[in-house]
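Worksheet: one structure, shown below.
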Amino acid sequence: MSYLSAFVLFTFLYYLSCRLSFGFGMLPGMVSPLWPPAALAVLAVLRLGYWIAPAIVIGAILSTSLSTGLPLISSVAIGIGSALEACAVVYLIDRFYPSRKGFIHQGPIFRFVGIAVLCAIVGATFGAAAIAHAYPDRAGAPAQAAMTWLTWLLGDATGMIVGVPWLMALNISGGRPWSRAKLFEAGMFLLLLLAVTKLAFAGTLPFKPIVYLPIPFLLWAAFRFNFAAVNWTTATICAIAAWHTARGSSPFASGDVSTSLMLLMVYICVIGTTGLALASLVYRHAAVEQALRAERDSLEQRVRERTDALMEDIEARKQVERELAQSERQLSEAQSLAQIGSWNWDLQTNEFTWSDELYRLYQVKKDEFPPTLDNARQLIHPDDREMLGRAIGACRNFGQPFHLEYRIVPPGGGVRHVAGRGQLQTDEQGRPAKMFGTVQDISDIKEAEASLREAEERYRTVVELSPDAILAQQDGHFVLANQTAVCLLGATHRDQIIGRSLYEFLMPQFYDTVRQRIEQVREGDAVGPVELGIRRLDGIVLDLELNSSVFMYRGRRASLFIARDITERKRTAQQMAYLAHYDSLTGLPNRILFYQRLEHALSIAERPARSLEVLFLDLDRFKLINDTLGHAVGDLVLKEAATRLQKILRESDTVARLGGDEFVVLVENVDEPHRGNVIAEKILAAFRPPLVVGSETLVISTSIGISSYPSDGTDVETLLKHADTAMYQAKQVGRNNYRYYSPEMNRHAEERIAMETALSRAIENNELFILYQPKMDVLSNRISGMEALLRWNHPMFGSVPPQRFIRLAEEVGLIHSIGYWAIRNACRQNREWQKVNPARMKVAVNLSARQLSDDRLIDNIMDILADTRLEARYLELEIAESAVMADPEKAIAVLGALRDIGVSVAIDDFGAGYSSLAYLKQFPIRAVKIDQSFVQGVPFSRSDAAITKAIINLAHSLECSVIAEGAETQQQFDFLRDNDCDSVQGYFFSEPVSAEHFTDLLRVQANLHIH
């Protein structure tokens, strides 16, 4: 707080206290027998210093001039007197007390009372003079002036005696919180104090001794509470006494104001002094108790400190003992771990002492083995006793320490190697006093040294026998090289390598690589193997795989190199890489390399004004060359095809062999649409000259499909697929030409793929069914048999013609499952007809060329007949003429096997192929079926009629029956009957019908209309 703030605040407080204290005034209205502002002024000077005195003057001036109307000069005199009074009290306190804080308790209680009375003279003198000056007519008389002076003196003195201790002890709780019981007692104390004091001074009881009734409360406050409570009680009693006396209601009030004032001041002095004495007594008692407690606490603290010091001494001693025991234990453990025992020989008393480890080392028990010199000698190996004895003697006689290795023989057997040390210690006169030393078991070390020698020998052997070259380089020169390294570097002797540098053999382009690796290895970095080239001493260049690391060689760091000759491996890898990307037969790029080049070409063609075309080639009838002339000739054809393609193409074009007889050409930088047709024409022209292979002259051709970027595709797979589709279209239109891809081709291909997928599920989805067409016997006019005709009805494709899906089944390999399904169902149906009809007829089923080549054909037919319980003679297989002539020798064997099991065979579509009569007569066939292309021309076509007659006569001469198919008119039937045809089949009699309808035909066959 600043000086100005403190000055203003105290001025206001002093002014306020004066206004409140005017209630105690008796004569002449402003003189009071109890003046608390005097105590406030003293406390302010004590706390703030003498500079606060002007505030006292101003506060007094304001209070007297504003409240009593005194002249200004009288107010100034009262203010100056009040300030001088307060400063005098503080000056005397500083003079007679050690310190201002708690000064009341630091000396006799009446010292402060005397200071208060003495200094009050100053204030009373100034005050009485000011009153006399202000009221000369009322207070100017000597008697009245004396009374005013005395009243002022006692008022200020009692104010300071009561007020100063009270202000210095405002905190009645003493800074410590009171319990609920203490607070309750304080409340009761306050109520009773007010009630009793009020009773004593309210004038209810007229006799004067009643005013001393509150004094017991001083004792109560002193002994039940504290110093502050006594001061509060004193101040309360004096304030109530002064108030009621000023109002004329106290026992001290009388007609004579002087008497009343005198009685009141005496009472206040007695109460104030008594209270101050009791307060001082309580304070001193508390101080003595506090001092006693402090002394007790000090003694207890000294006892605790002494006890703690004693405990620390005991703990320190225990710690020393523990450390000593731990040191001894660690020494014992160290000796045990190091297998070192110690001994001590007192030369004066000839007494030996051994450590526990030495007993364990010698494998003897401490309580059974006295450690004497003779006993110790018995444990030494006989061959080492003399050596050890000389060393001990030299040490004892000449003070020469010894360190030697010898052997011991423990009582348990065996031999142990030990290392003994010993030295001499002399007394103050230089005479030998004692010898001491250690014995260490070095048996394991000896074994390790032997193992190390063996390991080093094995290492040398491994290094010498290693298939890899091992070299060590130190200070830039080889210091170690095994025999493999000598041979690898083209030397005949190790001396030709030792002393040279690795750089003398390295190819120059690898200098930096090796130098960096050596630095990395020296820094501890992990490095992997590296491939590099060297030139041997004989000039041969080799490829090596080099591993390097750092190791210690003869106590110094060296670079270790392990090298392996990978020349052959790299050559093989290059060959494998070539084979992986090039065709081994033609030397052309293979599928993998072509795909990579096409991918790269497509990335370039994405730029504006760029295009490319892909030509897909397939050699025509190449399979026939392989099958007839052999694969060796086929390989020559492929090589010649590759050579011709390479000759006519530009260097920027790529020709590759995809596999088999398929080639593909990549034409880049196409500057105009359909530029590929020019290349295609060149390719077709290049294949026109015949190819002479040995004695064979072959004419080869090719079919070409072309796809363009970006119109036909923007990726590798799409372009190749569309070029392949166009190539197949070129084959379908006659081979030896080319076709550009169109979306229509793709649609046909997709339709074919969809049909293949659907056909593979046709049996599973019950989409296949069989129709039966009757065969009529010409002589009996009755049904002599039937042909089972396979049909396919698909939900999306509808009714698919047989010539379409049968050929598709043969191409995709489904003909076996479909064909056997048809045979099985036809046999099962014929067996059902036999159960309900006495007639026994053969059911004819067509057999494809692929089925004829099936090695399990006979077994499958037998299984079907067994499952359906149909006799073999009621099954007839119709085989196309072209099928049996494809491989006549195998056909004869298969047909013979069918005949052996009882199944008859008929040649279908006879006359439409190119049968050889030499083979035909060897075929074990039962019937010949005339192709309907001849039957439909008779009798009006002379050539058809002549061929038909010739077939009938030929078949009869071979003892085969003749079946004519496709008869649709009466004229055709008549011609066949007149020329001795055995059976007729066609729409003239009946179209193919379902099994149920055919059953009806069997029932009514007697009424069948025959013209």
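Lettering and numbering for the structure tokens are positional, with chains as A, B, ... in the shown order, residues counted from 1 in each chain, and ligands counted from 1 in the shown order.
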
Those in stretch 567-714 of chain A with strand (DSSP E) from DSSP, as a PyMOL selection string: chain A and resi 612-619+654-659+662-668+691-693+696-698+702-709

Exercise: A:Ala491 partners within 12 Å, only C-alpha atoms, chain neighbours under 3 positions left out, as a list in words: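 Listing them by chain and then by number gives Ala481, Asn482, Gln483, Thr484, Ala485, Val486, Cys487, Leu488, Arg494, Asp495, Gln496, Ile497, Ile498, Arg500, Phe505, Arg535, Arg536, Leu537, Asp538, Gly539 and Ile540 of chain A.
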
Requested write-out: C-alpha atoms of the selected residues, as a PDB file, in the first residue's frame:
ATOM      1  CA  ALA A 481      45.390 -67.802 -51.251  1.00  0.00           C
ATOM      2  CA  ASN A 482      44.115 -71.374 -51.407  1.00  0.00           C
ATOM      3  CA  GLN A 483      44.849 -73.772 -54.225  1.00  0.00           C
ATOM      4  CA  THR A 484      41.510 -73.025 -55.929  1.00  0.00           C
ATOM      5  CA  ALA A 485      42.437 -69.324 -56.043  1.00  0.00           C
ATOM      6  CA  VAL A 486      45.810 -70.206 -57.567  1.00  0.00           C
ATOM      7  CA  CYS A 487      44.113 -72.178 -60.340  1.00  0.00           C
ATOM      8  CA  LEU A 488      41.350 -69.613 -60.796  1.00  0.00           C
ATOM      9  CA  ARG A 494      50.961 -69.817 -54.730  1.00  0.00           C
ATOM     10  CA  ASP A 495      54.006 -67.518 -54.848  1.00  0.00           C
ATOM     11  CA  GLN A 496      52.703 -66.133 -58.151  1.00  0.00           C
ATOM     12  CA  ILE A 497      49.662 -64.777 -56.292  1.00  0.00           C
ATOM     13  CA  ILE A 498      51.008 -63.752 -52.881  1.00  0.00           C
ATOM     14  CA  ARG A 500      49.960 -59.122 -55.837  1.00  0.00           C
ATOM     15  CA  PHE A 505      43.451 -59.059 -62.056  1.00  0.00           C
ATOM     16  CA  ARG A 535      41.754 -61.372 -66.481  1.00  0.00           C
ATOM     17  CA  ARG A 536      43.856 -64.380 -65.466  1.00  0.00           C
ATOM     18  CA  LEU A 537      47.617 -64.485 -65.717  1.00  0.00           C
ATOM     19  CA  ASP A 538      47.242 -66.447 -68.945  1.00  0.00           C
ATOM     20  CA  GLY A 539      44.959 -63.741 -70.414  1.00  0.00           C
ATOM     21  CA  ILE A 540      41.671 -65.621 -70.141  1.00  0.00           C
TER      22      ILE A 540
END

Which of stretch 530-712 of chain A DSSP labels helix (DSSP H, G or I), written as number ranges by chain: A: 567-581, 591-605, 622-629, 631-648, 676-686

Exercise: A:Asp383 partners within 12 Å, only C-alpha atoms, chain neighbours under 4 positions left out, as a PyMOL selection string: chain A and resi 377-379+387-389+406-409

Preceding selection exported with N, CA, C and O atoms as a PDB file, in the first residue's frame:
ATOM      1  N   ARG A 377      52.900 -82.099  -1.761  1.00  0.00           N
ATOM      2  CA  ARG A 377      53.797 -82.730  -2.736  1.00  0.00           C
ATOM      3  C   ARG A 377      53.210 -84.034  -3.267  1.00  0.00           C
ATOM      4  O   ARG A 377      53.454 -84.410  -4.417  1.00  0.00           O
ATOM      5  N   GLN A 378      52.428 -84.750  -2.422  1.00  0.00           N
ATOM      6  CA  GLN A 378      51.865 -86.017  -2.861  1.00  0.00           C
ATOM      7  C   GLN A 378      50.835 -85.834  -3.996  1.00  0.00           C
ATOM      8  O   GLN A 378      50.581 -86.756  -4.762  1.00  0.00           O
ATOM      9  N   LEU A 379      50.252 -84.623  -4.091  1.00  0.00           N
ATOM     10  CA  LEU A 379      49.243 -84.374  -5.139  1.00  0.00           C
ATOM     11  C   LEU A 379      49.869 -83.916  -6.445  1.00  0.00           C
ATOM     12  O   LEU A 379      49.177 -83.847  -7.463  1.00  0.00           O
ATOM     13  N   MET A 387      60.671 -79.949 -10.623  1.00  0.00           N
ATOM     14  CA  MET A 387      60.604 -78.605 -11.226  1.00  0.00           C
ATOM     15  C   MET A 387      59.934 -77.623 -10.268  1.00  0.00           C
ATOM     16  O   MET A 387      60.416 -76.502 -10.049  1.00  0.00           O
ATOM     17  N   LEU A 388      58.822 -78.051  -9.658  1.00  0.00           N
ATOM     18  CA  LEU A 388      58.111 -77.167  -8.739  1.00  0.00           C
ATOM     19  C   LEU A 388      58.939 -76.913  -7.478  1.00  0.00           C
ATOM     20  O   LEU A 388      58.961 -75.802  -6.942  1.00  0.00           O
ATOM     21  N   GLY A 389      59.642 -77.947  -7.007  1.00  0.00           N
ATOM     22  CA  GLY A 389      60.487 -77.788  -5.816  1.00  0.00           C
ATOM     23  C   GLY A 389      61.589 -76.775  -6.039  1.00  0.00           C
ATOM     24  O   GLY A 389      61.890 -75.960  -5.156  1.00  0.00           O
ATOM     25  N   TYR A 406      52.151 -76.992 -14.207  1.00  0.00           N
ATOM     26  CA  TYR A 406      52.482 -78.364 -13.836  1.00  0.00           C
ATOM     27  C   TYR A 406      51.184 -79.151 -13.730  1.00  0.00           C
ATOM     28  O   TYR A 406      50.079 -78.606 -13.906  1.00  0.00           O
ATOM     29  N   ARG A 407      51.332 -80.398 -13.432  1.00  0.00           N
ATOM     30  CA  ARG A 407      50.176 -81.296 -13.371  1.00  0.00           C
ATOM     31  C   ARG A 407      49.969 -81.782 -11.937  1.00  0.00           C
ATOM     32  O   ARG A 407      50.937 -81.930 -11.189  1.00  0.00           O
ATOM     33  N   ILE A 408      48.709 -82.017 -11.611  1.00  0.00           N
ATOM     34  CA  ILE A 408      48.376 -82.597 -10.320  1.00  0.00           C
ATOM     35  C   ILE A 408      47.585 -83.871 -10.547  1.00  0.00           C
ATOM     36  O   ILE A 408      46.944 -84.053 -11.593  1.00  0.00           O
ATOM     37  N   VAL A 409      47.655 -84.749  -9.557  1.00  0.00           N
ATOM     38  CA  VAL A 409      46.934 -86.022  -9.614  1.00  0.00           C
ATOM     39  C   VAL A 409      45.998 -86.052  -8.403  1.00  0.00           C
ATOM     40  O   VAL A 409      46.434 -86.404  -7.291  1.00  0.00           O
TER      41      VAL A 409
END

From A:Gly163, A:Gly49, A:Gly555, A:Pro54, residue lying nearest A:Asp94 [only C-alpha atoms]: A:Gly49

Coordinates-based distance that separates atom CA of A:Ala157 from atom CA of A:Ala132 (Å, one decimal):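 It comes out at 20.7 Å.
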
Computed interatomic separation between atom CA of A:Gly634 and atom CA of A:Phe622 (Å):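 Rounded to one decimal, the two atoms are 7.4 Å apart.
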
Separation of atom CA of A:Gln970 from atom CA of A:Ile770 in Å: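 According to the coordinates, atom CA of A:Ile770 and atom CA of A:Gln970 are separated by 27.5 Å.
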
Who sits within 12 Å of A:Leu629, only C-alpha atoms, same chain under 4 positions skipped, as a ChimeraX atom specification: /A:622-625,633-637,693-698

Residue contacts of A:Ala124 (7 Å, only C-alpha atoms) excluding same-chain residues fewer than 5 positions away, as number ranges by chain: A: 149, 152-153
